[in-house]
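In what follows, a structure is listed as structure tokens, so that the remarks can point back to it.
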Amino acid sequence: HKRKHTGEKPFRCEWDGCESSFTEAHHLKAHERKHTGERPYGCEWPGCERRYKNRQAMRFHMDRVHKKELTDEDVIMDDDHHVMVEIKLS
């Protein structure tokens, strides 16, 4: 937290030509996905193949696209009121 106030950004991107740096290692990891194209977070909705670089984008997709497809029995909300899906497979 102190780095926000000091401006220290010790985590530097080593991608050729990139000068980005970050206060926290996980921010660097997320940034590196812009270079690699890695999309480790997949939508959990059956049949949906969308993938995202970060969990927040995946949750936004779930809220925006699939929330309207759910019934009250299917929905579980997390502490931030994002839809967390419990899908009943039969």
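Simple scheme: letters A, B, ... for chains in structure tokens order, numbers from 1 for residues in each chain, numbers from 1 for ligands in the order shown.
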For this session: Would you kindly return, as a count of residues only, each protein, DNA or RNA residue with an atom no farther than 9 Å from any atom of A:Arg12, considering only C-alpha atoms and excluding same-chain residues fewer than 6 positions away?
Result: 7
For this session: as a PyMOL selection string, please: all residues of stretch 9-65 of chain A that backbone DSSP puts in helix (DSSP H, G or I).
Result: chain A and resi 25-36+55-65
Go ahead and dump the residues you just picked, N, CA and C atoms, as a compact mmCIF listing (two decimals), in the first residue's frame.
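Once written, again27.txt looks like this:
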# COMPACT_ATOMS: atom_id res chain seq x y z
N ALA A 25 3.14 -7.08 -8.01
CA ALA A 25 3.49 -8.15 -8.95
C ALA A 25 2.29 -8.65 -9.73
N HIS A 26 1.12 -8.75 -9.08
CA HIS A 26 -0.04 -9.28 -9.81
C HIS A 26 -0.52 -8.31 -10.89
N HIS A 27 -0.26 -7.02 -10.73
CA HIS A 27 -0.60 -6.06 -11.78
C HIS A 27 0.31 -6.28 -12.99
N LEU A 28 1.59 -6.56 -12.73
CA LEU A 28 2.51 -6.87 -13.83
C LEU A 28 2.07 -8.13 -14.55
N LYS A 29 1.70 -9.15 -13.80
CA LYS A 29 1.26 -10.41 -14.40
C LYS A 29 0.06 -10.19 -15.32
N ALA A 30 -0.90 -9.40 -14.86
CA ALA A 30 -2.08 -9.09 -15.68
C ALA A 30 -1.67 -8.30 -16.92
N HIS A 31 -0.75 -7.36 -16.77
CA HIS A 31 -0.27 -6.55 -17.90
C HIS A 31 0.42 -7.43 -18.94
N GLU A 32 1.22 -8.38 -18.50
CA GLU A 32 1.96 -9.24 -19.43
C GLU A 32 1.02 -10.00 -20.35
N ARG A 33 -0.19 -10.23 -19.91
CA ARG A 33 -1.17 -10.93 -20.75
C ARG A 33 -1.52 -10.12 -21.99
N LYS A 34 -1.34 -8.80 -21.94
CA LYS A 34 -1.56 -7.97 -23.14
C LYS A 34 -0.56 -8.35 -24.22
N HIS A 35 0.65 -8.68 -23.80
CA HIS A 35 1.70 -9.06 -24.75
C HIS A 35 1.56 -10.50 -25.22
N THR A 36 1.20 -11.40 -24.32
CA THR A 36 1.17 -12.83 -24.65
C THR A 36 -0.16 -13.29 -25.24
N ARG A 55 -10.09 -11.84 -14.11
CA ARG A 55 -11.33 -12.33 -13.50
C ARG A 55 -12.42 -11.26 -13.54
N GLN A 56 -12.04 -10.00 -13.37
CA GLN A 56 -13.03 -8.93 -13.37
C GLN A 56 -13.77 -8.86 -14.70
N ALA A 57 -13.06 -8.98 -15.80
CA ALA A 57 -13.70 -8.94 -17.12
C ALA A 57 -14.62 -10.14 -17.31
N MET A 58 -14.19 -11.31 -16.82
CA MET A 58 -15.04 -12.49 -16.93
C MET A 58 -16.31 -12.30 -16.12
N ARG A 59 -16.20 -11.76 -14.91
CA ARG A 59 -17.39 -11.53 -14.08
C ARG A 59 -18.32 -10.52 -14.72
N PHE A 60 -17.74 -9.48 -15.32
CA PHE A 60 -18.56 -8.48 -16.01
C PHE A 60 -19.35 -9.15 -17.14
N HIS A 61 -18.69 -10.01 -17.90
CA HIS A 61 -19.35 -10.76 -18.96
C HIS A 61 -20.49 -11.60 -18.40
N MET A 62 -20.23 -12.32 -17.29
CA MET A 62 -21.26 -13.15 -16.69
C MET A 62 -22.46 -12.30 -16.27
N ASP A 63 -22.19 -11.17 -15.64
CA ASP A 63 -23.27 -10.28 -15.20
C ASP A 63 -24.05 -9.74 -16.39
N ARG A 64 -23.35 -9.28 -17.42
CA ARG A 64 -23.98 -8.61 -18.55
C ARG A 64 -24.69 -9.58 -19.49
N VAL A 65 -24.07 -10.70 -19.78
CA VAL A 65 -24.60 -11.59 -20.80
C VAL A 65 -25.48 -12.70 -20.24
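The space between atom CA of A:His66 and atom CA of A:Arg51 spans 14.2 Å.
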Exercise. What's the 12 Å shell around A:Glu49, counting only C-alpha atoms, without same-chain residues fewer than 2 positions away, as an MDAnalysis selection string?
Worked result: chainID A and resid 39:47 51:52 58 61:62
